[in-house]
Every structure is written in structure tokens, then in C-alpha cells.
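Colleague: Would you mind keeping the following structure in view while I ask a few things?
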Amino acid sequence: MYLPIKLLVTPSQKQRNHNADKLADANTKTVFQVVNSLLNNQNKHLPTFDDPKYLATRFTRFFTNKISDIRDNLDNDPDKLDVSQFIDNCPANCGPLTGFVEMTCDEVRKVITASSNASCFLASHPTWLIKQHIDQHLPAITAIVNKSLCSGIFSSAAHNAIVTPLIKKPSLDKEILKNYRPVSNLSYVAKVIEKCVATQLVEHLNSNNLTDPLQSAYRAQHSTETAMIKVLSDITSDIDSRRVVFVVLLDMSAAFDTVDHKILLDRLEQSYAITGTAKACFESYLKGS
């Protein structure tokens with residue numbers, strides 16, 4: 001795990017103009033992205049230690065132990081849980097997803113051109129260079145993507161990431177490790193594979209009506225705005241009907257990191273009819289092998 005420490009810099013005029021252009025006709029999501037970027041750029045200072053390796057080790061141990069501590073404090077032992085109580089069977093008319101279809105060069109080109117220019121130190125070429133010479137890189141990238149999709153193996157090399165700790169809020173004490181969250185920067189090819197898998201997975205869910213109608217996250221044309229509109233509509237409707245309204249909000253700590261992989265894989269198969277090499281690809285991704 002590599003934790004780079006970056007110096008605080010004042011945005012240049014070019015950066016200010018770039019942000020102004022992005023905000024000119026921005027939606028809510030873009031506004032939050034720009035604001036978060038500006039705040040993070042001003043708060044990437046890490047705790048004050050003379051030895052960077054010691055600091056990286058402390059962060060590594062903290063982030064790792066945080067997850068294990070949360071799981072240890074759960075009321076039930078995940079290995080002894082009756083997994084069936086968490087799983088609903090998929091509809092009888094649901095078509096199974098037994099494997100992923102090979103991507104064409106044109107399809108991979110669309111994924112690449114639609115992605116951001118963010119780069120990772122692990123990549124041999126910066127993202128902008130790959131995009132600029134996409135015709136030369138496209139056959140090799142497409143071959144790598146299809147090899148992963150068809151074999152059901154997510155390369156172990158693609159699991160490597162640069163992990164950077166970012167302060168959660170500007171007002172928090174930067175000397176306290178729990179005030180940081182780890183952000184992983186994967187290699188570019190790994191991101192392309194992820195997006196190709198996500199495209200086919202979403203198509204499978206939509207074509208079989210397996211997506212929860214009230215889900216707002218990770219859905220096209222949905223966001224925190226649509227979630228808030230739904231909640232507000234329900235509240236005002238009940239108030240107009242002279243009903244008492246209670247709102248319960250849950251904030252789960254490290255929700256994604258503490259997902260039980262066995263339950264997730266079983267749900268993919270039994271609730272979403274994902275089997276064969278398609279399921280093997282997810283299993284390889286989760287296990288890192």
C-alpha cells in the first residue's frame with residue numbers, strides 16, 4: 001500500500017478557469033464534485049510524522065483493523081448465519097446471466113472515451129496519452145478485457161491500487177486517523193474491465209426487472225435528488241392526510257467494506273440468476289485472485 005503525501009498548493013488561474021467552466025452549466029452532482037475537489041486539495045495534509053513509511057504503516061493497520069473490529073462486534077458470527085434468510089429467489093421467468101459477452105473494439109472505445117482522465121501511478125501510460133493514441137492501444141486493451149470476461153478471472157495485477165487517505169471534513173482534526181477515509185486509485189485497464197462488467201450487469205438487471213424501483217444510487221437518471229424528492233413527497237402526502245410521520249436515518253460505518261462476500265455471491269446467484277463464468281468473475285474480483 002502506497003500513501004502519497006501531497007503539498008498544499010494554491011489553484012492556478014488555469015485551474016480556476018477550468019472550475020468556472022465546469023460550474024457554468026453544472027447539475028447538482030457536478031457542483032458537489034467540484035466543491036469536494038477544492039476542499040480535498042486544501043486538506044490533503046497528513047498527520048505530522050517524520051517517517052513516511054511509519055505513517056503509511058499506521059494507516060494500513062488502522063484501515064484494516066477498522067473492518068475486522070466492526071465484523072467482530074456484530075451480534076452474529078457470519079460463518080454461522082443462515083444465509084437463506086437474506087436471500088430472495090429471483091422470478092421464475094428471469095433469464096440467467098451465465099457469462100459475459102465479448103466486447104467489440106467500438107464498445108471498448110466508447111467506455112474509454114467516456115471515462116475521466118484520472119491516472120494511476122501503477123499504469124505504464126497516463127490516461128490522456130491512451131486516449132490521444134487510442135487506435136494504437138485499443139486492440140490490446142480489448143483483448144485484455146475480453147480475456148477477463150470470458151475466463152471469469154479478474155487479474156490479480158488489476159487489484160493493485162494506490163491508496164490515499166483523505167480527510168472526511170475540513171474541520172476535523174488531521175492528527176486523528178479515524179477522521180480519514182481510504183480512496184483507492186486502480187489502474188486504468190482495471191477500471192475499463194469494471195465498466196464493461198457493469199454495463200452488462202445493468203443490462204441484465206434492467207431486462208429482467210430485477211432493480212428495486214425505489215433505488216436511487218447507481219442508476220441512470222437517479223441520484224440523491226430523486227431519493228430526497230421521494231422522501232419529501234411521502235412525508236408531505238402523509239401530513240396532508242393528517243398522519244404522524246417518523247423518519248429514521250441509518251449511517252452504516254464502512255458499509256461497503258463490511259459486506260459479507262459469501263452472502264453477496266449467494267445473492268447474485270439465487271436472487272439475480274448470475275452463474276457460471278459471470279459469477280466466477282465476481283468471485284475472483286472479491287477474493288483478489
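Starting from 1 in every chain, residues are counted up; chains themselves are A, B, ... following the order of the C-alpha cells, and ligands are numbered from 1 as listed.
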Where does DSSP see strand (DSSP E or B) in region 1-249 of chain A, if you list the residues as a PyMOL selection string?

Modeller: chain A and resi 97+161-167+180-186

Colleague: Give me the residues within 10 Å of region 222-236 of chain A as an MDAnalysis selection string, counting only C-alpha atoms and dropping any in the same chain fewer than 6 places off.

Modeller: chainID A and resid 28:29 214:216 242:247

Colleague: Next, write the just-selected residues to a file, as a PDB file, in the first residue's frame, keeping C-alpha atoms as the atom set.

Modeller:
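This went into out-v3.pdb:
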ATOM      1  CA  THR A  28     -26.009  19.218  -8.606  1.00  0.00           C
ATOM      2  CA  LYS A  29     -23.672  16.239  -8.945  1.00  0.00           C
ATOM      3  CA  LEU A 214     -37.050   2.749  -5.060  1.00  0.00           C
ATOM      4  CA  GLN A 215     -33.281   2.507  -5.574  1.00  0.00           C
ATOM      5  CA  SER A 216     -31.681   5.841  -6.411  1.00  0.00           C
ATOM      6  CA  ARG A 242     -53.171  14.046   8.951  1.00  0.00           C
ATOM      7  CA  ARG A 243     -50.859  11.138   9.716  1.00  0.00           C
ATOM      8  CA  VAL A 244     -47.941  11.220  12.144  1.00  0.00           C
ATOM      9  CA  VAL A 245     -44.576  10.961  10.365  1.00  0.00           C
ATOM     10  CA  PHE A 246     -41.352   9.495  11.766  1.00  0.00           C
ATOM     11  CA  VAL A 247     -38.081   9.466   9.822  1.00  0.00           C
TER      12      VAL A 247
END

Colleague: Got a sec to tell me which of region 150-243 of chain A DSSP assigns to alpha helix (DSSP H), as a PyMOL selection string?

Modeller: chain A and resi 150-151+188-207+224-240

Colleague: Can I get the selected residues back with C-alpha atoms, as a CSV table (one decimal), in the first residue's frame?

Modeller:
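Generated output (again39.csv):
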chain,number,residue,atom,x,y,z
A,150,CYS,CA,-14.5,-14.9,-20.8
A,151,SER,CA,-12.3,-16.7,-18.3
A,188,TYR,CA,-6.8,2.3,-16.0
A,189,VAL,CA,-7.3,-1.1,-17.5
A,190,ALA,CA,-8.9,-2.4,-14.3
A,191,LYS,CA,-11.4,0.4,-14.4
A,192,VAL,CA,-12.2,-0.3,-18.1
A,193,ILE,CA,-12.9,-4.0,-17.2
A,194,GLU,CA,-15.1,-2.9,-14.3
A,195,LYS,CA,-17.2,-0.6,-16.5
A,196,CYS,CA,-17.6,-3.3,-19.2
A,197,VAL,CA,-18.8,-5.7,-16.5
A,198,ALA,CA,-21.1,-3.1,-15.0
A,199,THR,CA,-22.6,-2.4,-18.4
A,200,GLN,CA,-23.6,-6.0,-19.0
A,201,LEU,CA,-24.7,-6.4,-15.4
A,202,VAL,CA,-27.0,-3.4,-15.5
A,203,GLU,CA,-28.5,-4.6,-18.8
A,204,HIS,CA,-29.2,-8.0,-17.2
A,205,LEU,CA,-30.9,-6.4,-14.2
A,206,ASN,CA,-33.0,-4.0,-16.3
A,207,SER,CA,-34.1,-6.5,-18.9
A,224,THR,CA,-29.6,11.8,-4.1
A,225,GLU,CA,-32.1,14.4,-5.5
A,226,THR,CA,-34.6,11.7,-6.6
A,227,ALA,CA,-34.2,10.0,-3.3
A,228,MET,CA,-34.9,13.2,-1.4
A,229,ILE,CA,-37.9,14.1,-3.7
A,230,LYS,CA,-39.4,10.7,-3.0
A,231,VAL,CA,-39.0,11.0,0.8
A,232,LEU,CA,-40.3,14.6,0.8
A,233,SER,CA,-43.3,13.6,-1.3
A,234,ASP,CA,-44.1,10.7,1.1
A,235,ILE,CA,-43.8,13.0,4.1
A,236,THR,CA,-46.0,15.8,2.7
A,237,SER,CA,-48.6,13.3,1.5
A,238,ASP,CA,-48.9,11.7,4.9
A,239,ILE,CA,-49.0,15.1,6.7
A,240,ASP,CA,-51.8,16.2,4.3

Colleague: Go through A:Ile112, A:Val35, A:Ile144, A:Val248 and flag the residue nearest Leu129 (chain A), using only C-alpha atoms for the distances.

Modeller: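 Using only C-alpha atoms, Leu129 (chain A) sits closest to A:Ile112.
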
Colleague: I'd like the contact shell of Leu149 (chain A) - 10 Å cut-off, only C-alpha atoms, skipping same-chain residues fewer than 4 positions apart - returned as a list in words.

Modeller: Gly99, Phe100, Val101, Glu102, Met103, Ala143, Ile144, Val145, Ile153, Phe154, Ile193, Glu194, Cys196, Val197, Thr277, Ala278, Ala280 and Cys281 of chain A
